[in-house]
Structures are given as C-alpha cells and as structure tokens.
file target-v2.cif (mmCIF, C-alpha atoms and all ligand atoms)
data_query
#
loop_
_atom_site.label_atom_id
_atom_site.label_comp_id
_atom_site.auth_asym_id
_atom_site.auth_seq_id
_atom_site.Cartn_x
_atom_site.Cartn_y
_atom_site.Cartn_z
CA MET U 1 18.45 -20.29 13.92
CA ASP U 2 17.71 -20.89 10.24
CA LYS U 3 14.97 -18.66 8.80
CA LYS U 4 13.20 -21.82 7.56
CA ASN U 5 12.24 -22.61 11.14
CA PHE U 6 9.84 -19.68 10.93
CA ILE U 7 6.74 -19.05 8.89
CA SER U 8 5.90 -15.78 7.17
CA ILE U 9 2.36 -14.99 6.09
CA ALA U 10 2.03 -12.07 3.67
CA ILE U 11 -1.35 -10.40 3.30
CA ASP U 12 -1.68 -7.75 0.60
CA GLY U 13 -4.60 -5.88 -0.86
CA PRO U 14 -6.15 -2.47 -1.47
CA SER U 15 -7.27 0.04 1.17
CA ALA U 16 -9.97 -0.98 3.62
CA SER U 17 -10.20 -4.53 2.28
CA GLY U 18 -10.09 -5.68 5.90
CA LYS U 19 -6.44 -6.72 5.89
CA SER U 20 -5.51 -5.27 9.26
CA THR U 21 -8.53 -6.68 11.09
CA VAL U 22 -8.15 -10.20 9.79
CA ALA U 23 -4.35 -10.20 9.88
CA LYS U 24 -4.38 -9.15 13.54
CA LEU U 25 -6.92 -11.83 14.44
CA LEU U 26 -5.09 -14.51 12.47
CA ALA U 27 -1.77 -13.59 14.10
CA SER U 28 -3.26 -13.74 17.59
CA ARG U 29 -4.80 -17.18 16.92
CA LEU U 30 -1.52 -18.51 15.57
CA ASN U 31 0.48 -16.73 18.26
CA PHE U 32 2.52 -15.01 15.51
CA LEU U 33 3.74 -11.41 15.54
CA TYR U 34 1.52 -9.05 13.53
CA VAL U 35 3.09 -6.17 11.59
CA ASP U 36 0.94 -3.43 10.05
CA THR U 37 3.24 -1.90 7.43
CA GLY U 38 0.60 0.65 6.44
CA ALA U 39 0.93 2.13 9.93
CA MET U 40 4.63 2.75 9.18
CA TYR U 41 3.88 4.66 5.96
CA ARG U 42 1.24 6.59 7.87
CA ALA U 43 3.72 7.41 10.68
CA TYR U 44 6.27 8.66 8.14
CA THR U 45 3.52 10.80 6.57
CA LEU U 46 2.63 12.22 9.98
CA ALA U 47 6.30 13.13 10.51
CA VAL U 48 6.38 14.95 7.15
CA LEU U 49 3.18 16.87 7.87
CA SER U 50 4.21 17.79 11.43
CA SER U 51 7.53 19.12 10.14
CA SER U 52 5.57 21.36 7.73
CA LEU U 53 7.15 19.62 4.74
CA ASN U 54 5.27 19.20 1.49
CA ALA U 55 4.20 15.54 1.12
CA LYS U 56 3.77 16.05 -2.63
CA ASN U 57 7.45 16.95 -2.91
CA GLU U 58 9.69 13.88 -2.98
CA LYS U 59 12.92 15.65 -2.11
CA GLU U 60 11.40 17.42 0.91
CA SER U 61 9.76 14.21 2.09
CA ASP U 62 12.98 12.23 1.65
CA SER U 63 14.79 14.61 4.01
CA LEU U 64 13.50 12.70 7.07
CA ILE U 65 14.97 9.35 6.01
CA GLY U 66 17.22 8.04 8.78
CA LYS U 67 16.34 11.01 10.99
CA ILE U 68 13.12 9.67 12.45
CA GLU U 69 12.47 6.53 14.42
CA ILE U 70 9.46 4.36 13.62
CA ASN U 71 8.81 1.23 15.66
CA PHE U 72 6.10 -0.69 17.50
CA ASP U 73 5.75 -0.65 21.29
CA GLU U 74 4.88 -3.58 23.57
CA ASN U 75 1.18 -3.10 22.74
CA ASN U 76 2.03 -3.27 19.03
CA HIS U 77 1.12 0.44 18.68
CA VAL U 78 3.13 2.34 16.10
CA CYS U 79 5.48 4.95 17.58
CA LEU U 80 7.13 7.94 15.95
CA ASN U 81 10.28 9.07 17.75
CA GLY U 82 9.19 7.11 20.82
CA LYS U 83 5.63 8.49 20.96
CA ASP U 84 2.54 6.35 20.36
CA VAL U 85 0.89 7.89 17.27
CA SER U 86 -1.58 5.09 16.56
CA LYS U 87 -4.53 7.51 16.81
CA GLU U 88 -3.07 10.45 14.87
CA ILE U 89 -2.12 8.29 11.88
CA ARG U 90 -5.81 7.51 11.21
CA GLU U 91 -6.73 11.19 10.76
CA ASN U 92 -7.88 12.51 7.36
CA ASN U 93 -4.77 14.62 6.67
CA VAL U 94 -2.60 11.48 6.92
CA ALA U 95 -4.99 9.39 4.79
CA ASP U 96 -5.00 12.15 2.16
CA ASN U 97 -1.20 12.26 1.85
CA VAL U 98 0.08 8.77 2.64
CA SER U 99 -0.04 7.44 -0.92
CA TYR U 100 2.27 10.23 -2.15
CA ILE U 101 4.78 9.35 0.55
CA ALA U 102 4.46 5.62 -0.23
CA SER U 103 5.29 6.27 -3.89
CA TYR U 104 8.81 7.58 -3.09
CA LYS U 105 11.41 4.87 -3.63
CA ASN U 106 13.93 5.95 -0.99
CA ILE U 107 11.26 6.19 1.71
CA ARG U 108 10.07 2.72 0.76
CA LEU U 109 13.61 1.33 0.96
CA PHE U 110 14.01 2.90 4.41
CA LEU U 111 10.76 1.39 5.71
CA VAL U 112 11.24 -1.98 3.98
CA SER U 113 14.59 -2.40 5.71
CA LEU U 114 12.88 -1.77 9.08
CA GLN U 115 10.12 -4.24 8.15
CA ARG U 116 12.61 -6.96 7.24
CA LYS U 117 14.48 -6.41 10.49
CA ILE U 118 11.26 -6.78 12.48
CA ALA U 119 10.34 -9.96 10.57
CA ASN U 120 13.74 -11.60 10.86
CA ASN U 121 13.72 -14.95 12.69
CA LYS U 122 10.08 -14.71 13.73
CA ASN U 123 6.76 -16.30 12.93
CA ILE U 124 5.00 -13.37 11.37
CA VAL U 125 1.82 -12.09 9.75
CA MET U 126 2.60 -8.92 7.82
CA ASP U 127 0.07 -6.88 5.86
CA GLY U 128 0.53 -4.18 3.23
CA ARG U 129 0.73 -3.70 -0.52
CA ASP U 130 4.08 -5.22 -1.49
CA ILE U 131 4.69 -7.87 1.16
CA GLY U 132 4.27 -10.92 -1.09
CA THR U 133 5.93 -9.26 -4.10
CA TYR U 134 8.86 -7.55 -2.41
CA VAL U 135 9.26 -7.27 1.37
CA LEU U 136 8.88 -11.00 2.12
CA LYS U 137 8.89 -12.48 -1.36
CA ASP U 138 9.84 -15.89 0.04
CA ALA U 139 6.84 -15.93 2.40
CA GLU U 140 5.43 -19.43 2.88
CA VAL U 141 1.84 -18.18 2.53
CA LYS U 142 0.69 -15.24 0.39
CA ILE U 143 -2.85 -13.94 0.37
CA PHE U 144 -4.34 -11.15 -1.70
CA LEU U 145 -7.45 -9.78 -0.03
CA SER U 146 -9.85 -7.61 -2.00
CA ALA U 147 -13.43 -6.36 -1.86
CA ASP U 148 -15.66 -4.12 -4.01
CA VAL U 149 -14.75 -0.47 -3.68
CA GLU U 150 -18.21 0.55 -2.38
CA GLU U 151 -18.07 -2.12 0.31
CA ARG U 152 -14.58 -0.96 1.30
CA ALA U 153 -15.81 2.64 1.54
CA ARG U 154 -18.73 1.51 3.73
CA ARG U 155 -16.32 -0.34 6.03
CA ARG U 156 -13.94 2.64 6.28
CA PHE U 157 -16.88 5.00 6.93
CA SER U 158 -18.17 2.94 9.87
CA GLU U 159 -14.64 2.36 11.19
CA ASN U 160 -14.02 6.14 11.16
CA LYS U 161 -17.35 6.78 12.86
CA GLU U 162 -16.43 4.36 15.65
CA LYS U 163 -13.07 6.10 16.07
CA GLY U 164 -14.70 9.54 16.14
CA ILE U 165 -13.07 10.60 12.83
CA ASP U 166 -15.38 12.92 10.96
CA THR U 167 -15.78 11.83 7.30
CA SER U 168 -18.71 11.22 4.99
CA TYR U 169 -19.20 8.01 3.01
CA GLU U 170 -18.43 9.97 -0.19
CA GLU U 171 -15.14 11.24 1.23
CA CYS U 172 -14.13 7.70 2.19
CA LEU U 173 -15.01 6.44 -1.28
CA GLU U 174 -13.04 9.22 -2.95
CA ASN U 175 -9.99 8.71 -0.71
CA ILE U 176 -9.99 4.95 -1.30
CA LYS U 177 -10.30 5.35 -5.09
CA LYS U 178 -7.49 7.89 -5.13
CA ARG U 179 -5.20 5.67 -3.03
CA ASP U 180 -6.06 2.57 -5.10
CA TYR U 181 -5.00 4.48 -8.20
CA ILE U 182 -1.75 5.91 -6.82
CA ASP U 183 -0.82 2.65 -5.03
CA SER U 184 -1.30 0.52 -8.14
CA HIS U 185 0.30 2.93 -10.62
CA ARG U 186 3.55 3.88 -8.83
CA ASP U 187 6.81 2.74 -10.48
CA PHE U 188 8.43 1.04 -7.50
CA CYS U 189 6.59 -1.85 -5.83
CA PRO U 190 3.07 -1.07 -7.00
CA LEU U 191 0.11 -2.79 -5.38
CA ARG U 192 -0.44 -6.07 -7.24
CA PRO U 193 -0.94 -9.70 -6.27
CA ALA U 194 2.17 -11.89 -6.18
CA SER U 195 2.03 -14.57 -8.88
CA ASP U 196 1.79 -17.21 -6.15
CA ALA U 197 -0.77 -15.38 -3.98
CA ILE U 198 -4.16 -16.90 -3.21
CA HIS U 199 -7.01 -14.43 -3.75
CA ILE U 200 -9.87 -13.91 -1.31
CA ASP U 201 -12.74 -11.59 -2.18
CA SER U 202 -14.16 -10.46 1.16
CA THR U 203 -17.09 -8.40 -0.22
CA ASN U 204 -19.71 -10.80 1.11
CA LEU U 205 -17.70 -12.46 3.87
CA SER U 206 -17.64 -11.78 7.60
CA ILE U 207 -14.35 -11.26 9.44
CA GLU U 208 -14.65 -14.76 10.88
CA GLU U 209 -15.25 -16.26 7.42
CA VAL U 210 -12.15 -14.55 6.01
CA VAL U 211 -9.96 -15.71 8.90
CA SER U 212 -11.30 -19.28 8.53
CA LYS U 213 -10.50 -19.25 4.82
CA MET U 214 -6.97 -18.10 5.63
CA GLU U 215 -6.55 -20.84 8.23
CA GLU U 216 -7.73 -23.38 5.64
CA ILE U 217 -5.18 -22.09 3.14
CA ILE U 218 -2.39 -22.33 5.72
CA LYS U 219 -3.50 -25.82 6.73
CA LYS U 220 -3.64 -27.00 3.11
CA LYS U 221 -0.06 -25.85 2.67
CA GLY U 222 0.83 -28.02 5.63
CA TYR U 223 1.82 -25.24 8.00
CA LEU U 224 -0.97 -25.53 10.57
CA LEU U 225 -1.01 -27.80 13.53
O1 LIG U 301 -5.73 0.87 6.36
P1 LIG U 301 -5.74 1.19 4.90
O2 LIG U 301 -6.19 0.03 4.11
O3 LIG U 301 -6.42 2.46 4.60
O4 LIG U 301 -4.26 1.49 4.44
P2 LIG U 301 -2.93 1.16 5.20
O5 LIG U 301 -2.65 -0.31 5.16
O6 LIG U 301 -2.93 1.84 6.51
O7 LIG U 301 -1.85 1.86 4.24
C1 LIG U 301 -1.86 3.24 4.04
C2 LIG U 301 -1.13 3.56 2.76
O8 LIG U 301 0.25 3.20 2.91
C3 LIG U 301 -1.57 2.82 1.50
O9 LIG U 301 -2.65 3.45 0.83
C4 LIG U 301 -0.31 2.81 0.66
O10 LIG U 301 -0.17 4.03 -0.02
C5 LIG U 301 0.79 2.73 1.69
N1 LIG U 301 1.34 1.39 1.87
C6 LIG U 301 2.25 0.91 0.95
O11 LIG U 301 2.50 1.58 -0.05
N2 LIG U 301 2.88 -0.27 1.15
C7 LIG U 301 2.62 -1.02 2.22
N3 LIG U 301 3.28 -2.15 2.40
C8 LIG U 301 1.67 -0.58 3.16
C9 LIG U 301 1.03 0.62 2.96
#

call {"tool": "encode", "arguments": {"input": "target-v2.cif", "output": "structure tokens"}}
result
Amino acid sequence: MDKKNFISIAIDGPSASGKSTVAKLLASRLNFLYVDTGAMYRAYTLAVLSSSLNAKNEKESDSLIGKIEINFDENNHVCLNGKDVSKEIRENNVADNVSYIASYKNIRLFLVSLQRKIANNKNIVMDGRDIGTYVLKDAEVKIFLSADVEERARRRFSENKEKGIDTSYEECLENIKKRDYIDSHRDFCPLRPASDAIHIDSTNLSIEEVVSKMEEIIKKKGYLL
C-alpha cells in the first residue's frame, strides 16, 4: 500500500517536556502505533554500559552497532537482545550517559534505520528529538513540545519518585540541563524544531490539555475523523 494511506505524527522536544506521556495517550486515542525513540537510545546506552565500554568514547560505543538487537515487544516495552529492559533504561547511569551515545552519528544511523522500518506503512505517533527534522521529515503533523526547565525537572523528579528511582530535584535539573545542551549542540541531527512544526508550551498545561491541543492541530489539518 502507498505510504500516503498512513499518517505520521512527529513529536519532538527537550527532556521531560511530557512527550512520552502525551504521545502514548494520543496514539492510544487514535489507535496509532506509538514509538518512543528515546527508549532506543537508552537501550543502546544500557548495552554499552553493561559491556563495560566507555560511553564517552565514540569508537568503543560504535562497536555494538549491528551486534545488538533493539525492538519493542507486544506490550510496547523496549527490549535489548530479547529482554525487556524498560525499567533498567530509566536508571540514573543510563540518563547520565545517553546523550553522549545519541551524539554519535553511526549509532544514530543504526537506530534511525530501525525507527523507519518500524514506522513503515503504519499510522504512527513517534517521539524524540529529530523525528520532524530527520527520521520522518515528511510527517503529516509535526509538534514541538517544550516547557520551562524547572517545570521539567519537577516532573522528572516526581516521575522518578513514583518509579522508585532515587534522585533529588537538583540532580534531575542538572541532568536535564546537561542533556538539553548536548542534544541541541551535537553536529548530526541536533534537537531543534522542524520549520513546519507547531509549538506547544506545556509549562502550565495538564496532560489532558496538551493532548486536546494536539487533537485540535490534527483536526485542523484535516486528518481527524
Ligand atoms: O524521557 P526523556 O525526555 O528524559 O528522554 P528520552 O526521550 O528518553 O531520550 C533520552 C535521550 O536520548 C535524549 O536526551 C537524547 O540524547 C536521546 N535521543 C535522541 O538523541 N534522539 C531521539 N530521537 C530520541 C532520544
């Protein structure tokens, strides 16, 4: 079937802006597949750390390209070499190293090719940093979701608390600022809004309000029922 029979929705934005939560909810309401590309970079990072490789060394980190398997199971949980690692990838050691891994071009090309394969011939909501600018640059709908950095740190802090991950608010703030910097300053596919993306600032919006705004945007473009 022609790709044009399917709709792609690209949601990009900085860390803890709420992308995953709203993208998941939006996808389930639309009955679209949801793909969390950040989980794939996190799974690759976990593979590097568990192989005792140095995540700050590009050559060492590149050595796993093509040798590991990253996919999503029937519950949409990310798997590394067939094992559900959706919990481990949220740990602090992964959060601390993932932006180094995501700055390496060959690792990005490896994961982008998996992402495009997953998205092929499907109605999809995909979230990340470079979805509207690179991975799915022909996406029908592109949204750039942001929020103040302090609000994002508050959200990540309470999310971690719920998941039993031990971090302080200050640590969350520092990690988010560091990742914002690395993600937006890398050479290949830096975090930035696509020229045709619609911006939503979620600082003072509830999850429901953000999802409603997205549905409105999709409707206005003529893609919603
Ligand atoms: O959940 P959170 O907002 O903390 O981040 P994530 O979506 O899980 O992504 C983790 C990291 O992966 C980001 O900080 C980026 O370094 C990287 N990433 C990327 O470079 N490109 C993507 N499409 C998705 C994630």

call {"tool": "closest_atom_pairs", "arguments": {"input": "target-v2.cif", "of": "chain U", "to": "ligand LIG 301 (chain U)", "cutoff": "6 Å", "atoms": "all atoms listed in the file", "output": "Markdown table"}}
result
| residue | atom | partner | partner_atom | distance |
| --- | --- | --- | --- | --- |
| U:Ser15 | CA | U:LIG301 | O2 | 3.1 |
| U:Ala16 | CA | U:LIG301 | O2 | 3.9 |
| U:Thr37 | CA | U:LIG301 | C8 | 4.7 |
| U:Gly38 | CA | U:LIG301 | C9 | 3.5 |
| U:Ala39 | CA | U:LIG301 | O6 | 5.2 |
| U:Tyr41 | CA | U:LIG301 | O8 | 5.0 |
| U:Arg42 | CA | U:LIG301 | C1 | 6.0 |
| U:Val98 | CA | U:LIG301 | C2 | 5.4 |
| U:Ser99 | CA | U:LIG301 | O10 | 3.5 |
| U:Ala102 | CA | U:LIG301 | O11 | 4.5 |
| U:Gly128 | CA | U:LIG301 | N3 | 3.5 |
| U:Arg129 | CA | U:LIG301 | N3 | 4.2 |
| U:Asp130 | CA | U:LIG301 | N3 | 5.0 |
| U:Arg179 | CA | U:LIG301 | O9 | 5.1 |
| U:Asp183 | CA | U:LIG301 | O10 | 5.2 |

call {"tool": "atom_distance", "arguments": {"input": "target-v2.cif", "atom1": "CA of Lys83 in chain U", "atom2": "CA of Tyr44 in chain U"}}
result
12.8 Å

call {"tool": "residues_around", "arguments": {"input": "target-v2.cif", "residues": "range 196-209 of chain U", "least_positions_apart": "4", "cutoff": "12 Å", "atoms": "only C-alpha atoms", "output": "VMD selection string"}}
result
chain U and resid 9 to 14 16 to 26 29 130 to 133 137 to 155 192 213 to 218 220 to 221

call {"tool": "closest_residue", "arguments": {"input": "target-v2.cif", "among": "U:Thr167, U:Leu224, U:Asp187, U:Asn71", "to": "Ala95 in chain U", "atoms": "all atoms listed in the file"}}
result
U:Thr167

call {"tool": "residues_around", "arguments": {"input": "target-v2.cif", "residues": "Cys79 in chain U", "least_positions_apart": "6", "cutoff": "8 Å", "atoms": "only C-alpha atoms", "output": "PyMOL selection string"}}
result
chain U and resi 43+69-73+85-86

call {"tool": "atom_distance", "arguments": {"input": "target-v2.cif", "atom1": "CA of Ile101 in chain U", "atom2": "CA of Asn57 in chain U"}}
result
8.8 Å

call {"tool": "closest_residue", "arguments": {"input": "target-v2.cif", "among": "U:Asn160, U:Asn31, U:Asn54, U:Ser61", "to": "Lys87 in chain U", "atoms": "all atoms listed in the file"}}
result
U:Asn160

call {"tool": "atom_distance", "arguments": {"input": "target-v2.cif", "atom1": "CA of Val35 in chain U", "atom2": "CA of Gln115 in chain U"}}
result
8.1 Å

call {"tool": "residues_around", "arguments": {"input": "target-v2.cif", "residues": "Asp166 in chain U", "least_positions_apart": "2", "cutoff": "12 Å", "atoms": "only C-alpha atoms", "output": "ChimeraX atom specification"}}
result
/U:90-93,156-164,168-172

call {"tool": "build_atoms", "arguments": {"input": "target-v2.cif", "residues": "range 45-56 of chain U", "atoms": "all heavy atoms", "output": "PDB file, keeping the file's coordinate frame"}}
result
ATOM      1  N   THR U  45       4.323   9.689   7.105  1.00  0.00           N
ATOM      2  CA  THR U  45       3.520  10.800   6.570  1.00  0.00           C
ATOM      3  C   THR U  45       3.231  11.822   7.664  1.00  0.00           C
ATOM      4  O   THR U  45       3.340  13.041   7.446  1.00  0.00           O
ATOM      5  CB  THR U  45       2.198  10.250   5.981  1.00  0.00           C
ATOM      6  OG1 THR U  45       2.518   9.245   5.026  1.00  0.00           O
ATOM      7  CG2 THR U  45       1.366  11.354   5.345  1.00  0.00           C
ATOM      8  N   LEU U  46       2.892  11.327   8.850  1.00  0.00           N
ATOM      9  CA  LEU U  46       2.630  12.220   9.980  1.00  0.00           C
ATOM     10  C   LEU U  46       3.882  13.056  10.294  1.00  0.00           C
ATOM     11  O   LEU U  46       3.800  14.260  10.551  1.00  0.00           O
ATOM     12  CB  LEU U  46       2.216  11.392  11.202  1.00  0.00           C
ATOM     13  CG  LEU U  46       1.871  12.167  12.472  1.00  0.00           C
ATOM     14  CD1 LEU U  46       0.596  13.003  12.259  1.00  0.00           C
ATOM     15  CD2 LEU U  46       1.667  11.200  13.646  1.00  0.00           C
ATOM     16  N   ALA U  47       5.046  12.411  10.227  1.00  0.00           N
ATOM     17  CA  ALA U  47       6.300  13.130  10.510  1.00  0.00           C
ATOM     18  C   ALA U  47       6.512  14.242   9.481  1.00  0.00           C
ATOM     19  O   ALA U  47       6.914  15.351   9.832  1.00  0.00           O
ATOM     20  CB  ALA U  47       7.474  12.146  10.486  1.00  0.00           C
ATOM     21  N   VAL U  48       6.226  13.946   8.212  1.00  0.00           N
ATOM     22  CA  VAL U  48       6.380  14.950   7.150  1.00  0.00           C
ATOM     23  C   VAL U  48       5.435  16.124   7.403  1.00  0.00           C
ATOM     24  O   VAL U  48       5.841  17.297   7.382  1.00  0.00           O
ATOM     25  CB  VAL U  48       6.108  14.310   5.754  1.00  0.00           C
ATOM     26  CG1 VAL U  48       5.950  15.373   4.675  1.00  0.00           C
ATOM     27  CG2 VAL U  48       7.227  13.336   5.399  1.00  0.00           C
ATOM     28  N   LEU U  49       4.174  15.805   7.679  1.00  0.00           N
ATOM     29  CA  LEU U  49       3.180  16.870   7.870  1.00  0.00           C
ATOM     30  C   LEU U  49       3.493  17.689   9.123  1.00  0.00           C
ATOM     31  O   LEU U  49       3.371  18.918   9.115  1.00  0.00           O
ATOM     32  CB  LEU U  49       1.760  16.276   7.960  1.00  0.00           C
ATOM     33  CG  LEU U  49       1.291  15.502   6.721  1.00  0.00           C
ATOM     34  CD1 LEU U  49      -0.059  14.860   6.973  1.00  0.00           C
ATOM     35  CD2 LEU U  49       1.228  16.407   5.493  1.00  0.00           C
ATOM     36  N   SER U  50       3.933  17.009  10.209  1.00  0.00           N
ATOM     37  CA  SER U  50       4.210  17.790  11.430  1.00  0.00           C
ATOM     38  C   SER U  50       5.489  18.600  11.326  1.00  0.00           C
ATOM     39  O   SER U  50       5.698  19.516  12.117  1.00  0.00           O
ATOM     40  CB  SER U  50       4.198  16.965  12.716  1.00  0.00           C
ATOM     41  OG  SER U  50       4.134  15.622  12.498  1.00  0.00           O
ATOM     42  N   SER U  51       6.338  18.288  10.335  1.00  0.00           N
ATOM     43  CA  SER U  51       7.530  19.120  10.140  1.00  0.00           C
ATOM     44  C   SER U  51       7.261  20.214   9.111  1.00  0.00           C
ATOM     45  O   SER U  51       8.202  20.858   8.625  1.00  0.00           O
ATOM     46  CB  SER U  51       8.705  18.277   9.632  1.00  0.00           C
ATOM     47  OG  SER U  51       8.865  17.135  10.402  1.00  0.00           O
ATOM     48  N   SER U  52       5.986  20.378   8.745  1.00  0.00           N
ATOM     49  CA  SER U  52       5.570  21.360   7.730  1.00  0.00           C
ATOM     50  C   SER U  52       6.287  21.176   6.396  1.00  0.00           C
ATOM     51  O   SER U  52       6.569  22.152   5.694  1.00  0.00           O
ATOM     52  CB  SER U  52       5.777  22.798   8.227  1.00  0.00           C
ATOM     53  OG  SER U  52       5.082  22.981   9.413  1.00  0.00           O
ATOM     54  N   LEU U  53       6.580  19.915   6.061  1.00  0.00           N
ATOM     55  CA  LEU U  53       7.150  19.620   4.740  1.00  0.00           C
ATOM     56  C   LEU U  53       6.009  19.308   3.786  1.00  0.00           C
ATOM     57  O   LEU U  53       4.918  18.930   4.217  1.00  0.00           O
ATOM     58  CB  LEU U  53       8.116  18.432   4.849  1.00  0.00           C
ATOM     59  CG  LEU U  53       9.342  18.632   5.750  1.00  0.00           C
ATOM     60  CD1 LEU U  53      10.054  17.305   5.996  1.00  0.00           C
ATOM     61  CD2 LEU U  53      10.293  19.652   5.117  1.00  0.00           C
ATOM     62  N   ASN U  54       6.294  19.444   2.492  1.00  0.00           N
ATOM     63  CA  ASN U  54       5.270  19.200   1.490  1.00  0.00           C
ATOM     64  C   ASN U  54       5.298  17.726   1.054  1.00  0.00           C
ATOM     65  O   ASN U  54       6.244  17.282   0.409  1.00  0.00           O
ATOM     66  CB  ASN U  54       5.531  20.133   0.294  1.00  0.00           C
ATOM     67  CG  ASN U  54       4.523  19.938  -0.819  1.00  0.00           C
ATOM     68  OD1 ASN U  54       3.578  19.140  -0.679  1.00  0.00           O
ATOM     69  ND2 ASN U  54       4.711  20.657  -1.909  1.00  0.00           N
ATOM     70  N   ALA U  55       4.238  16.979   1.414  1.00  0.00           N
ATOM     71  CA  ALA U  55       4.200  15.540   1.120  1.00  0.00           C
ATOM     72  C   ALA U  55       4.168  15.266  -0.378  1.00  0.00           C
ATOM     73  O   ALA U  55       4.472  14.156  -0.814  1.00  0.00           O
ATOM     74  CB  ALA U  55       3.002  14.904   1.801  1.00  0.00           C
ATOM     75  N   LYS U  56       3.800  16.264  -1.174  1.00  0.00           N
ATOM     76  CA  LYS U  56       3.770  16.050  -2.630  1.00  0.00           C
ATOM     77  C   LYS U  56       5.143  16.269  -3.252  1.00  0.00           C
ATOM     78  O   LYS U  56       5.321  16.069  -4.449  1.00  0.00           O
ATOM     79  CB  LYS U  56       2.735  16.966  -3.274  1.00  0.00           C
ATOM     80  CG  LYS U  56       1.316  16.557  -2.933  1.00  0.00           C
ATOM     81  CD  LYS U  56       0.317  17.282  -3.780  1.00  0.00           C
ATOM     82  CE  LYS U  56      -1.078  16.865  -3.349  1.00  0.00           C
ATOM     83  NZ  LYS U  56      -2.106  17.783  -3.768  1.00  0.00           N
TER      84      LYS U  56
END
